[in-house]
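The structure under discussion appears below in the form of structure tokens.
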Amino acid sequence: MGNEKEDKEMLLGVGYKKSKKRSCWVYFLGLLAFLSFIILCGLAGYHFGHEYFFHNQNSHKQYPIDNGGLTIDDMVFPDPEPEPGDYYVGMGRFDVTGPIAEVNMMGYAVPSQIAHGLHMRLHSRAFIFADLEKKNRAVFVSIDSGMGSQIIKLEVIKRLKAKYGDIYNEKNVVMSGTHSHSGPAGFFQFLLFEVTSLGFIKQSTDSFIDGVVKSIEMAHDNMQKANLVITSGDVDDANINRSPSAYTHNPEEERAKYQHNTEHEMTLLKIESPSGAEIGLVTWFPVHGTCMNNTNELISSDNKGRASTLYETSMIKEGKADFVAAFAQANLGDVSPNTAGPKCIDTGKPCDYEQSTCNFPPRVKYCIAFGPGKNGDMFQSTDIIGTRQFDAAKRILSEPGSERIQGPVSFAHQYVDMTKEEVTLSDGTKATTCKPGMGYSFAAGTTDGPGAMNFKQSMTHGTPLWTLATKLIGKIVCKTEPPQSYFDCHKPKPVLLPTGYMDIPYAWHPSVVDVQLLRVGQLVIAAVPGEFTTMAGRRLKDAVKAKAIEQGMPSDTRIVIAGLSNVYTHYIATLEEFGAQRYEGASTIFGPHSHAAYVHRFSNLVGNLVNGTTADPGPSPQNIMAKQIELLPKPRPDRLPAGKKYGDLIIDAEESYKTGSNVMVKFYGSNPRHNMKLGKTYLEVQRLDSTAGKWETSFTDGDWETKFRWERLSNTNVSREELTVIDGIFNLIAAITGYHINLNRMEALMNNGEFSESDLEPNDNTLRGFEAARSHLIKKLVTKGILSPAENKLKAGYPDTDESHVTIEWDVPSNQQEGTYRILYLGDHLAESGNITSFQGMTSEFQVRK
Ligand code: ZN
């Protein structure tokens with residue numbers, strides 16, 4: 001790597017982009033450096049940002065040395081220096097984008113939603129808050145990932161401990177996902193999260209770990225004295241409740257306390273230099289990262305990433321290249337950005353209110369909610385919902401009502417085995433949480449991305465066919481068959497997937513989760529390991545706040561929920577919402593009392609937070625990285641037609657374009673998975689600085705205005721095949737067990753009375769042990785045609801080598817500077833020999849005119 005300045009510049013996507021205003025030798029250096037994957041940009045604008053960022057921490061008061069014989073009382077001191085600052089704060093941002101092709105996207109659980117390029121890069125944004133002695137530190141990291149992941153946190157902490165000792169650990173670092181549904185999948189250690197990604201994906205996981213660690217290292221190196229200001233205000237028209245029927249199950253008097261069935265309030269934490277300049281921002285506001293829908297094939301940070309980059313870009317214009325603005329996630333469980341609401345896309349009629357179905361027979365497939373974009377345009381919807389959060393942040397910060405944060409920095413953390421938590425119900429009786437399980441309505445999906453088959457939302461009873469299928473799964477993918485008491489524990493949720501028992505070849509779901517609080521003065525961040533619904537979050541905040549005040553915190557204490565933190569456990573609905581069994585209730589995996597157990601645990605932890613005592617650490621989660629199965633084929637060697645070179649043009653630019661129009665060019669390309677390019681770019685839009693005679697970079701691949709698409713010439717039908725999450729689960733079971741479950745055959749036999757539950761029991765009393773019983777059953781089911789030996793279809797996904805094309809689009813902004821432009825494509829190709837070689841494609845020069 002280059003020197004520290006160069007590294008820092010490379011880290012910041014925006015810093016990279018800033019180079020466009022600078023002289024052209026940067027570009028040439030950049031090209032040179034590209035060969036060794038270093039981007040050199042030591043330029044004027046950067047120095048400004050750099051000094052701004054680092055030098056305030058050394059603002060010691062200076063007294064004149066030569067006093068001309070005056071006594072100290074006679075001396076005229078210069079104007080007082082700014083106040084010293086209440087805290088030390090460090091901030092860092094780094095790219096975590098990962099693979100942008102061939103991988104499944106995390107969120108919708110649609111096997112066919114495979115990435116084919118890049119719209120917006122994903123980032124990790126880290127904030128370290130410390131007291132003036134730097135004794136106590138609290139670290140909040142907001143990541144443009146689908147969600148927090150246990151393996152990412154365990155590995156990040158391992159790396160931080162190796163470098164910094166115990167300064168940063170599992171107790172004081174919170175890692176919260178923004179829930180973009182358009183990032184790469186495969187970064188988990190539990191199998192259910194990896195069903196549609198064909199298991200673990202090392203490239204995704206490594207990119208997240210590397211990028212998060214780098215963002216925290218940057219924050220560590222950047223620590224400076226700062227003041228903190230907190231405020232809040234409403235963001236209107238940026239979210240709706242996607243399960244309003246479940247919300248109404250909450251008590252009427254409780255609902256009457258709130259104006260809306262989603263939270264409209266955004267909480268903002270502004271970081272100021274001691275002289276009062278705004279240098280960083282964290283906001284919390286609940287809304288799903290589902291503006292980009294399940295047909296999207298370009299990696300995107302969705303509305304949260306859009307809001308962050310809008311804010312950071314606005315600060316670059318003020319000379320603050322290092323500004324970090326996180327738009328973090330909150331209690332978003334039932335909160336959709338698709339503000340136009342759901343409708344039946346085939347008939348235009350409203351969907352069934354409780355089941356989110358259309359037509360007869362009722363199916364969820366056509367009930368889809370749309371955002372505010374024109375004609376449902378998802379790019380425009382992302383822009384609008386992102387801009388609404390950005391505008392609201394600017395507006396709220398300009399309004400009166402903000403408070404300076406004062407008081408200690410502290411943290412409290414506990415690992416909890418959520419499968420056996422005891423809670424006391426309002427009538428005094430005891431109840432427990434359950435081993436994880438997914439309800440039927442999980443498979444129905446949501447109106448942001450519906451499921452398929454005949455699953456509906458609000459299913460509180462199983463069907464005969466699926467009851468048998470669940471039982472079959474319990475026998476071939478579980479070492480211990482789930483007992484009836486387990487199914488009873490989840491009632492009224494009918495369990496479709498008994499994930500708490502599914503442990504072949506390793507755990508399908510977590511059992512140990514992080515319960516964690518961070519405190520900075522009167523702000524408390526409650527890091528929750530999943531998606532709390534609106535009301536679940538409100539209740540948790542109320543309970544934590546009451547406890548905090550009881551423990552001596554000030555009455556203006558503010559609690560924010562940091563959603564999807566540390567480890568993913570799907571949803572946490574209230575007990576009443578659980579009863580409704582919409583998607584969120586069906587995905588509340590530890591059963592009806594999950595929420596009460598969390599309220600209890602978080603409330604207990606407040607005492608530790610306030611008194612600075614260490615909580616019982618609880619059972620440590622296992623790191624099962626070594627067991628991961630990775631079925632996604634490695635990227636194959638690339639191929640070209642005879643006489644062509646990588647980067648040769650297929651479609652060149654036209655001679656000129658008007659501002660506001662679209663430039664589309666196409667190249668012979670290569671698989672972008674050969675180089676993750678973290679902190680770098682696959683493309684550049686360059687403008688000729690005619691005075692200096694040099695090219696400047698105007699846009700890179702992370703910019704909103706550009707799109708990078710990659711397509712393999714043959715076999716594209718594989719990625720567009722219509723598969724459901726259930727197909728994905730059956731395919732994964734086939735890959736694991738070697739047998740495919742033939743649901744149709746089972747149904748036919750069942751309807752003829754030739755197959756029933758008793759056929760799943762061994763009819764040979766001499767069988768001893770799990771393996772013997774399992775292979776006996778498999779043999780029997782193969783004979784009946786219910787199971788069939790499966791070749792591993794998952795590995796046969798891609799051909800050995802193939803020709804691929806890259807399309808680059810640039811939406812020329814209407815205020816774009818006129819001039820001469822060109823577009824570069826920066827790729828890497830893999831030869832049969834295994835060598836990876838960088839190459840560059842370039843369009844002809846073209847004009848941009850008003
Ligand atoms: Zn979600």
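Numbering starts fresh at 1 for the residues of each chain in the structure tokens, the chains themselves are lettered A, B, ... in the order given, and ligands are numbered from 1 as they appear.
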Output the neighbourhood of ligand 1 as a PyMOL selection string, that is, all protein and nucleic acid residues with some atom at most 10 Å from the ligand, counting only C-alpha atoms and all ligand atoms. chain A and resi 107-108+146-147+178-181+287-290+332-336+446+448+530-533+563-564+570-571+583-584+587
DSSP says strand (DSSP E or B) for which residues of stretch 240-331 of chain A? Put them as a PyMOL selection string? chain A and resi 240-241+265-272+278-284+289+299+324-328
The selected residues should be written to file as a compact mmCIF listing (two decimals), in the first residue's frame (atoms: N, CA and C atoms).
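Writing done, so here's out-v2.txt:
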# COMPACT_ATOMS: atom_id res chain seq x y z
N ILE A 240 -44.36 3.32 5.07
CA ILE A 240 -45.71 2.88 5.43
C ILE A 240 -45.60 1.53 6.15
N ASN A 241 -46.65 1.17 6.86
CA ASN A 241 -46.67 -0.14 7.51
C ASN A 241 -47.13 -1.18 6.48
N GLU A 265 -40.35 9.52 13.20
CA GLU A 265 -39.27 10.30 13.81
C GLU A 265 -37.88 9.80 13.39
N MET A 266 -37.06 10.76 13.00
CA MET A 266 -35.64 10.47 12.76
C MET A 266 -34.84 11.09 13.90
N THR A 267 -33.93 10.31 14.49
CA THR A 267 -33.05 10.83 15.53
C THR A 267 -31.69 11.08 14.89
N LEU A 268 -31.12 12.25 15.17
CA LEU A 268 -29.84 12.62 14.55
C LEU A 268 -28.79 12.92 15.60
N LEU A 269 -27.62 12.37 15.41
CA LEU A 269 -26.48 12.64 16.26
C LEU A 269 -25.45 13.37 15.41
N LYS A 270 -25.28 14.67 15.70
CA LYS A 270 -24.35 15.48 14.90
C LYS A 270 -23.02 15.57 15.62
N ILE A 271 -21.95 15.39 14.89
CA ILE A 271 -20.61 15.48 15.47
C ILE A 271 -20.01 16.80 15.01
N GLU A 272 -19.58 17.61 15.98
CA GLU A 272 -19.04 18.93 15.66
C GLU A 272 -17.59 19.03 16.15
N GLU A 278 -19.69 21.22 11.56
CA GLU A 278 -20.26 19.87 11.46
C GLU A 278 -19.26 18.96 10.76
N ILE A 279 -18.88 17.87 11.41
CA ILE A 279 -17.86 16.99 10.81
C ILE A 279 -18.35 15.55 10.62
N GLY A 280 -19.50 15.22 11.17
CA GLY A 280 -20.01 13.86 10.98
C GLY A 280 -21.45 13.77 11.43
N LEU A 281 -22.13 12.71 11.01
CA LEU A 281 -23.55 12.58 11.33
C LEU A 281 -23.96 11.10 11.35
N VAL A 282 -24.78 10.77 12.35
CA VAL A 282 -25.46 9.47 12.35
C VAL A 282 -26.94 9.75 12.51
N THR A 283 -27.77 9.14 11.67
CA THR A 283 -29.21 9.25 11.86
C THR A 283 -29.78 7.85 12.01
N TRP A 284 -30.90 7.77 12.73
CA TRP A 284 -31.62 6.50 12.84
C TRP A 284 -33.07 6.75 12.41
N GLY A 289 -34.90 -1.54 3.26
CA GLY A 289 -34.08 -1.29 2.07
C GLY A 289 -34.62 -2.05 0.89
N ILE A 299 -26.00 -4.33 -7.93
CA ILE A 299 -25.68 -4.10 -6.51
C ILE A 299 -25.98 -2.65 -6.17
N VAL A 324 -18.38 11.77 7.23
CA VAL A 324 -19.06 10.48 7.22
C VAL A 324 -20.50 10.69 7.71
N ALA A 325 -21.46 10.29 6.90
CA ALA A 325 -22.88 10.43 7.27
C ALA A 325 -23.54 9.07 7.16
N ALA A 326 -23.86 8.48 8.30
CA ALA A 326 -24.53 7.18 8.29
C ALA A 326 -26.03 7.39 8.44
N PHE A 327 -26.80 6.79 7.55
CA PHE A 327 -28.26 6.75 7.72
C PHE A 327 -28.58 5.32 8.16
N ALA A 328 -28.60 5.17 9.48
CA ALA A 328 -28.66 3.82 10.05
C ALA A 328 -30.10 3.35 10.21
Per-residue DSSP, stretch 243-287 of chain A, filtered to alpha helix (DSSP H), as a list of chain:residue names: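 Filtering stretch 243-287 of chain A down to alpha helix (DSSP H) leaves A:Pro244, A:Ser245, A:Ala246, A:Tyr247, A:Glu252, A:Glu253, A:Glu254, A:Arg255.
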Here is a test: counting only C-alpha atoms, which residue of A:Leu683, A:Ile316, A:Leu517, A:Met459 is nearest to A:Ala580?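 Residue with the minimum atom-to-atom distance to A:Ala580: A:Met459.
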Atom CA of A:Asp542 to atom CA of A:Lys257, straight-line distance in Å: 12.3 Å
Best match for closeness to A:Val528 among A:Asn331, A:Gln628, A:Thr97, A:Thr467, counting only C-alpha atoms: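 Residue with the minimum atom-to-atom distance to A:Val528: A:Asn331.
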